[in-house]
Each structure stands twice: as C-alpha cells, then as structure tokens.
file model-v4.cif (mmCIF, C-alpha atoms)
data_upload
loop_
_atom_site.label_atom_id
_atom_site.label_comp_id
_atom_site.auth_asym_id
_atom_site.auth_seq_id
_atom_site.Cartn_x
_atom_site.Cartn_y
_atom_site.Cartn_z
CA MET V 1287 157.45 98.46 150.59
CA ILE V 1288 157.66 98.81 146.80
CA VAL V 1289 153.89 98.46 146.43
CA ALA V 1290 153.38 101.17 149.06
CA SER V 1291 155.81 103.48 147.22
CA LEU V 1292 154.03 102.96 143.90
CA HIS V 1293 150.70 103.65 145.56
CA ASN V 1294 152.09 106.77 147.20
CA ALA V 1295 153.57 108.14 143.97
CA GLY V 1296 150.54 107.31 141.85
CA MET V 1297 148.01 108.67 144.31
CA MET V 1298 150.01 111.88 144.74
CA VAL V 1299 150.09 112.45 140.98
CA ILE V 1300 146.38 111.72 140.56
CA VAL V 1301 145.30 113.80 143.58
CA ILE V 1302 147.34 116.85 142.55
CA LEU V 1303 146.13 116.57 138.97
CA SER V 1304 142.49 116.07 139.92
CA CYS V 1305 142.43 118.87 142.49
CA GLY V 1306 144.25 121.27 140.19
CA THR V 1307 141.92 120.47 137.30
CA LEU V 1308 138.83 120.92 139.46
CA TYR V 1309 140.22 124.18 140.88
CA ALA V 1310 140.83 125.54 137.37
CA TYR V 1311 137.43 124.30 136.15
CA LEU V 1312 135.69 126.21 138.94
CA GLY V 1313 137.31 129.42 137.75
CA GLY V 1314 140.36 129.63 139.97
CA PRO V 1315 143.78 130.80 138.80
CA ILE V 1316 146.43 128.39 137.65
CA PRO V 1317 149.49 129.05 139.85
CA LEU V 1318 151.46 126.19 138.29
CA ALA V 1319 151.35 128.00 134.96
CA THR V 1320 153.49 130.78 136.45
CA LEU V 1321 155.84 128.56 138.44
CA ASP V 1322 159.07 130.36 139.42
CA ILE V 1323 162.19 129.50 141.43
CA ARG V 1324 160.71 130.67 144.75
CA ILE V 1325 157.58 128.55 144.39
CA GLY V 1326 159.67 125.63 143.16
CA GLY V 1327 161.90 125.89 146.23
CA LEU V 1328 158.88 125.93 148.53
CA LEU V 1329 157.45 122.88 146.79
CA LEU V 1330 160.80 121.10 147.14
CA LEU V 1331 160.93 121.96 150.84
CA LEU V 1332 157.39 120.68 151.24
CA MET V 1333 158.32 117.46 149.46
CA LEU V 1334 161.35 116.82 151.69
CA SER V 1335 159.42 117.67 154.85
CA THR V 1336 156.57 115.38 153.90
CA GLN V 1337 158.99 112.59 153.04
CA GLY V 1338 160.83 112.98 156.34
CA LEU V 1339 157.61 113.00 158.34
CA ASN V 1340 156.32 109.96 156.47
CA ASP V 1341 159.53 107.97 157.06
CA SER V 1342 159.62 108.95 160.75
CA LEU V 1343 156.05 107.79 161.32
CA MET V 1344 156.70 104.58 159.40
CA ALA V 1345 159.82 103.88 161.49
CA LEU V 1346 157.85 104.50 164.69
CA MET V 1347 155.10 102.12 163.60
CA MET V 1348 157.62 99.42 162.69
CA ARG V 1349 159.34 99.76 166.08
CA LEU V 1350 156.01 99.49 167.88
CA SER V 1351 155.19 96.36 165.88
CA GLY V 1352 158.56 94.80 166.72
CA LYS V 1353 160.05 95.08 163.24
CA SER V 1354 163.38 96.59 162.24
CA PRO V 1355 163.18 100.13 160.77
CA SER V 1356 166.13 99.24 158.54
CA ARG V 1357 163.61 97.71 156.13
CA LEU V 1358 162.67 101.30 155.20
CA LEU V 1359 166.12 101.84 153.70
CA ASN V 1360 165.11 100.83 150.20
CA VAL V 1361 166.72 102.98 147.52
CA PHE V 1362 164.08 102.16 144.92
CA SER V 1363 161.17 102.98 147.23
CA ILE V 1364 162.70 106.23 148.47
CA GLY V 1365 163.50 107.25 144.90
CA VAL V 1366 159.93 106.60 143.75
CA GLU V 1367 158.50 108.61 146.64
CA LEU V 1368 160.87 111.56 146.11
CA ALA V 1369 160.22 111.59 142.37
CA SER V 1370 156.44 111.54 142.83
CA VAL V 1371 156.11 115.24 143.75
CA PRO V 1372 158.05 116.80 140.82
CA LEU V 1373 156.40 114.29 138.49
CA ALA V 1374 152.97 115.28 139.78
CA ILE V 1375 153.77 118.98 139.33
CA LEU V 1376 155.06 118.43 135.79
CA ILE V 1377 152.01 116.41 134.81
CA ALA V 1378 149.71 119.01 136.37
CA ILE V 1379 151.40 121.82 134.41
CA VAL V 1380 150.84 119.93 131.16
CA PHE V 1381 147.33 118.75 131.94
CA VAL V 1382 145.89 122.10 132.97
CA ARG V 1383 146.56 123.30 129.44
CA LEU V 1384 144.42 120.51 127.96
CA GLU V 1385 140.69 120.29 127.52
CA MET V 1386 138.66 118.64 130.28
CA PRO V 1387 137.67 115.41 128.39
CA ILE V 1388 141.27 114.74 127.42
CA THR V 1389 142.43 115.46 130.95
CA MET V 1390 139.94 113.02 132.48
CA LEU V 1391 140.90 110.31 129.98
CA LEU V 1392 144.55 110.76 130.88
CA VAL V 1393 143.70 110.61 134.60
CA LEU V 1394 141.83 107.35 133.98
CA ALA V 1395 144.77 105.99 131.98
CA MET V 1396 147.13 106.86 134.82
CA GLY V 1397 144.89 105.08 137.32
CA LEU V 1398 144.84 101.94 135.18
CA GLY V 1399 148.59 102.20 134.76
CA MET V 1400 149.06 102.29 138.52
CA MET V 1401 146.93 99.17 138.87
CA VAL V 1402 149.16 97.40 136.36
CA LEU V 1403 152.28 98.54 138.21
CA LYS V 1404 150.78 97.30 141.46
CA ARG V 1405 150.13 93.91 139.89
CA PHE V 1406 153.71 93.64 138.65
CA ALA V 1407 155.01 94.69 142.08
CA GLU V 1408 152.91 92.01 143.78
CA MET V 1409 154.22 89.39 141.34
CA ARG V 1410 157.77 90.49 142.07
CA ILE V 1411 157.20 90.23 145.82
CA LYS V 1412 155.75 86.72 145.44
CA LEU V 1413 158.71 85.64 143.31
CA GLU V 1414 161.17 87.06 145.84
CA ALA V 1415 159.35 85.23 148.64
CA LEU V 1416 159.47 82.01 146.61
CA VAL V 1417 163.21 82.43 146.00
CA ASP V 1418 163.79 83.07 149.72
CA GLU V 1419 161.79 79.95 150.58
CA ARG V 1420 163.76 77.79 148.16
CA THR V 1421 167.03 79.25 149.42
CA GLU V 1422 166.08 78.41 153.01
CA GLU V 1423 165.16 74.86 152.00
CA LEU V 1424 168.52 74.43 150.28
CA ARG V 1425 170.30 75.81 153.35
CA VAL V 1426 168.49 73.37 155.65
CA LYS V 1427 169.25 70.44 153.33
CA SER V 1428 172.89 71.50 153.12
CA LEU V 1429 173.14 71.58 156.92
CA GLU V 1430 171.49 68.17 157.10
CA LEU V 1431 173.92 66.70 154.58
CA GLU V 1432 176.81 68.23 156.48
CA ARG V 1433 175.50 66.71 159.70
CA GLN V 1434 175.07 63.30 158.08
CA ALA V 1435 178.70 63.42 156.95
CA THR V 1436 179.98 63.98 160.50
CA HIS V 1437 177.38 62.31 162.76
CA ASP V 1438 176.22 58.79 163.45
CA ALA V 1439 172.68 58.30 162.16
CA LEU V 1440 171.56 56.15 165.11
CA THR V 1441 173.00 57.84 168.20
CA GLY V 1442 173.44 61.37 166.87
CA LEU V 1443 177.05 61.38 168.09
CA PHE V 1444 180.03 62.29 165.94
CA ASN V 1445 181.04 59.40 163.68
CA ARG V 1446 184.39 57.62 163.43
CA ARG V 1447 185.53 59.70 160.46
CA TYR V 1448 185.03 62.96 162.34
CA ALA V 1449 186.65 61.50 165.47
CA ASP V 1450 189.76 60.40 163.57
CA ASN V 1451 190.23 63.84 162.02
CA TYR V 1452 189.54 65.62 165.29
CA LEU V 1453 191.84 63.30 167.24
CA HIS V 1454 194.68 63.86 164.78
CA LYS V 1455 194.33 67.64 165.12
CA GLU V 1456 194.13 67.45 168.92
CA ILE V 1457 197.27 65.33 169.15
CA GLU V 1458 199.17 67.77 166.93
CA ARG V 1459 197.88 70.71 168.97
CA SER V 1460 198.81 68.93 172.21
CA LYS V 1461 202.37 68.39 170.99
CA ARG V 1462 202.68 71.95 169.77
CA ASN V 1463 201.35 73.51 173.00
CA ASP V 1464 202.92 70.89 175.29
CA ARG V 1465 199.67 70.08 177.10
CA PRO V 1466 197.90 66.77 177.75
CA CYS V 1467 194.96 65.43 175.78
CA THR V 1468 192.62 62.86 177.35
CA ILE V 1469 191.18 60.03 175.27
CA ALA V 1470 188.79 57.44 176.74
CA LEU V 1471 187.62 54.36 174.86
CA ALA V 1472 184.54 52.44 176.00
CA ASP V 1473 183.35 49.09 174.73
CA ILE V 1474 180.00 47.49 175.58
CA ASP V 1475 180.45 44.00 176.98
CA HIS V 1476 178.23 41.22 175.65
CA PHE V 1477 176.44 43.58 173.31
CA LYS V 1478 175.92 40.80 170.77
CA GLN V 1479 173.93 38.86 173.34
CA ILE V 1480 171.59 41.82 173.75
CA ASN V 1481 170.90 41.84 170.02
CA ASP V 1482 170.46 38.07 169.85
CA GLN V 1483 168.24 37.79 172.91
CA TYR V 1484 166.17 40.99 172.72
CA SER V 1485 166.39 41.94 169.00
CA HIS V 1486 168.38 44.62 167.21
CA ALA V 1487 165.70 47.22 167.94
CA VAL V 1488 166.36 46.85 171.66
CA GLY V 1489 170.10 46.92 170.99
CA ASP V 1490 169.70 50.22 169.15
CA LYS V 1491 167.84 51.68 172.13
CA VAL V 1492 170.65 50.54 174.41
CA LEU V 1493 173.22 52.27 172.19
CA CYS V 1494 171.20 55.49 172.17
CA ARG V 1495 170.82 55.43 175.94
CA ILE V 1496 174.53 54.82 176.46
CA ALA V 1497 175.28 57.69 174.08
CA GLU V 1498 173.02 59.98 176.14
CA ILE V 1499 174.83 58.96 179.33
CA PHE V 1500 178.23 59.77 177.86
CA VAL V 1501 177.04 63.15 176.59
CA ASP V 1502 175.55 63.98 180.00
CA ARG V 1503 178.78 62.99 181.79
CA CYS V 1504 181.06 65.02 179.52
CA TRP V 1505 181.72 68.72 179.27
CA LYS V 1506 180.37 70.68 176.32
CA THR V 1507 183.95 71.14 175.10
CA ASP V 1508 184.45 67.36 174.88
CA VAL V 1509 183.90 65.44 171.68
CA VAL V 1510 181.91 62.21 171.98
CA ALA V 1511 182.04 59.96 168.93
CA ALA V 1512 180.57 56.54 168.21
CA THR V 1513 181.42 53.78 165.76
CA VAL V 1514 179.85 50.37 165.36
CA VAL V 1515 182.44 47.67 164.76
CA LYS V 1516 181.39 44.05 165.30
CA ASN V 1517 178.44 45.10 167.43
CA SER V 1518 180.57 47.25 169.71
CA CYS V 1519 180.26 50.95 170.39
CA CYS V 1520 183.42 53.01 170.65
CA VAL V 1521 183.08 56.37 172.36
CA PHE V 1522 185.82 59.00 172.43
CA PRO V 1523 185.48 61.79 175.02
CA ILE V 1524 188.34 64.04 173.96
CA GLN V 1525 189.99 66.86 175.91
CA THR V 1526 188.07 66.43 179.18
CA GLN V 1527 188.44 69.06 181.89
CA TYR V 1528 189.10 66.56 184.68
CA SER V 1529 191.50 63.64 185.24
CA PRO V 1530 191.06 60.45 183.20
CA ASN V 1531 190.53 58.36 186.33
CA LYS V 1532 187.81 60.67 187.60
CA PHE V 1533 186.11 60.60 184.23
CA ALA V 1534 186.24 56.80 184.09
CA ARG V 1535 184.61 56.56 187.53
CA ARG V 1536 181.80 58.82 186.38
#

call {"tool": "encode", "arguments": {"input": "model-v4.cif", "output": "structure tokens"}}
result
Amino acid sequence: MIVASLHNAGMMVIVILSCGTLYAYLGGPIPLATLDIRIGGLLLLLMLSTQGLNDSLMALMMRLSGKSPSRLLNVFSIGVELASVPLAILIAIVFVRLEMPITMLLVLAMGLGMMVLKRFAEMRIKLEALVDERTEELRVKSLELERQATHDALTGLFNRRYADNYLHKEIERSKRNDRPCTIALADIDHFKQINDQYSHAVGDKVLCRIAEIFVDRCWKTDVVAATVVKNSCCVFPIQTQYSPNKFARR
C-alpha cells in the first residue's frame, strides 16, 4: 500500500510537470503562473474527487479478490496521495519558470528519487513481514509451552497438575452453588504385565487408546486428565452431564 502511494504521488508530480513543460515549450500559455482562488478550488475539488474514485475502485477490487477493504485505511498512504496534487502543482509553478535543460535534469532527479523511495518502502515491507513472521513463531511456541505445562506428553490429556487445580476449583464451586460434581477414577489392571510382556512401546499405545476411549465417552464439558504413577493411568472425567453409574457403565 505504501509503495503504491509513493508511486502514485511521484508519477502524478512527474506527469504534471512533464506535460506542463511540454505544453509551455510548444508555445501554449502557462495557466499555473496566474493561479487564483477559483482555479485552486477547482483543482482541490478535482483532487478529492479523484482520490474518492480511486479509493472506491480499490475497495471494490479488494472485495472481489476476497480481501478486507479496511487495509485501505492507512493514514500515511492517504496523506501521501492527498499531498501529491498540491505538491505537483507547486513544483510545476516553480519549474515552468526555469530553463528547459534545468527542468529536465530536475525531472530526472525526481524520478531517481522516487526509485530510491520505492526501494526503502520495499525494505520496510520486508522487515515488517519478517517481524510478523517472528511474532507468529513466538506465539506458536508460547502456546506449545503452555500446552506442555498442562497436558500429558504421551496421551495428550490434561496432566495431574492441571487436574488437581481444576478439581479444587470445581469442588469450591460445587459447595458455593450447592450442586453435585462427579469424579471418576480409573486404574488399568495388570498394566505392568503389558509392559513386561509386550514392551513399553506397546504399553504406550494401550495408554493412548484408553485415553481416546475416555475422551470419546465424555462430554466436551468434561475434563479428562491422566497421570502415570507406578505404571497406572488415572483418568478424571469431571462434571459429567449424566449419573456416575451410567458413566461407569459406558
């Protein structure tokens, strides 16, 4: 957006200057030399109309491409575009009073200056994109660290630490609101034999499968947590929406 604004402003200045210089060189009058309030008002109206039409077409194109038109609301870009017309007029008034060689050199210098500004704008955009990328990476890593602090690495269930904190809060809330809170504890029988006979890798798969079964059998509002203590898996479905006996049968 900034690059487009710089292009728009620079091209408008160069086009007005070049056309005005050519018009004066061919023998035409120089209306900008006698600029008055009426002509200035008309030029201002033309500038605002052109700006409004340009923004409307840009918003339409962004909607058709599935992008949000709110990206057009850039104070810097709008300011550059609005300032381009009076700047072009001012430069044209000064330049038409100069000799042709000097005018052409200044036009060339302006063109080179716009190329430099474009380069700086592109560098700024790349740096902003790099900062956004790094920020997103930090956000993802932060979420991963947060998940590791509250989830079991093997089963993906909530860990014992999270379950203890959650259970304490639920018990306090249950007392305060005078409503029941269901807690179910499951232990895997003979789990050590599975590890000894089939290896720990198979035992890990068994734990993961049991965790999936508990998650599938619980409501989304339940909390299922797992801890590994002496080769046993403790699972806490908390605050189930059905009776404890019915849940146990499931």

call {"tool": "residues_around", "arguments": {"input": "model-v4.cif", "residues": "segment 1479-1482 of chain V", "least_positions_apart": "6", "cutoff": "9 Å", "atoms": "all atoms listed in the file", "output": "list in words"}}
result
Val1488, Gly1489, Asp1490, Val1492 and Asn1517 of chain V

call {"tool": "closest_residue", "arguments": {"input": "model-v4.cif", "among": "V:Ile1474, V:Ala1345, V:Leu1392, V:Leu1334", "to": "Ile1496 of chain V", "atoms": "only C-alpha atoms"}}
result
V:Ile1474

call {"tool": "atom_distance", "arguments": {"input": "model-v4.cif", "atom1": "atom CA of Ala1439 of chain V", "atom2": "atom CA of Val1509 of chain V"}}
result
16.4 Å

call {"tool": "atom_distance", "arguments": {"input": "model-v4.cif", "atom1": "atom CA of Leu1453 of chain V", "atom2": "atom CA of Leu1471 of chain V"}}
result
12.5 Å

call {"tool": "atom_distance", "arguments": {"input": "model-v4.cif", "atom1": "atom CA of Lys1491 of chain V", "atom2": "atom CA of Ala1511 of chain V"}}
result
16.7 Å
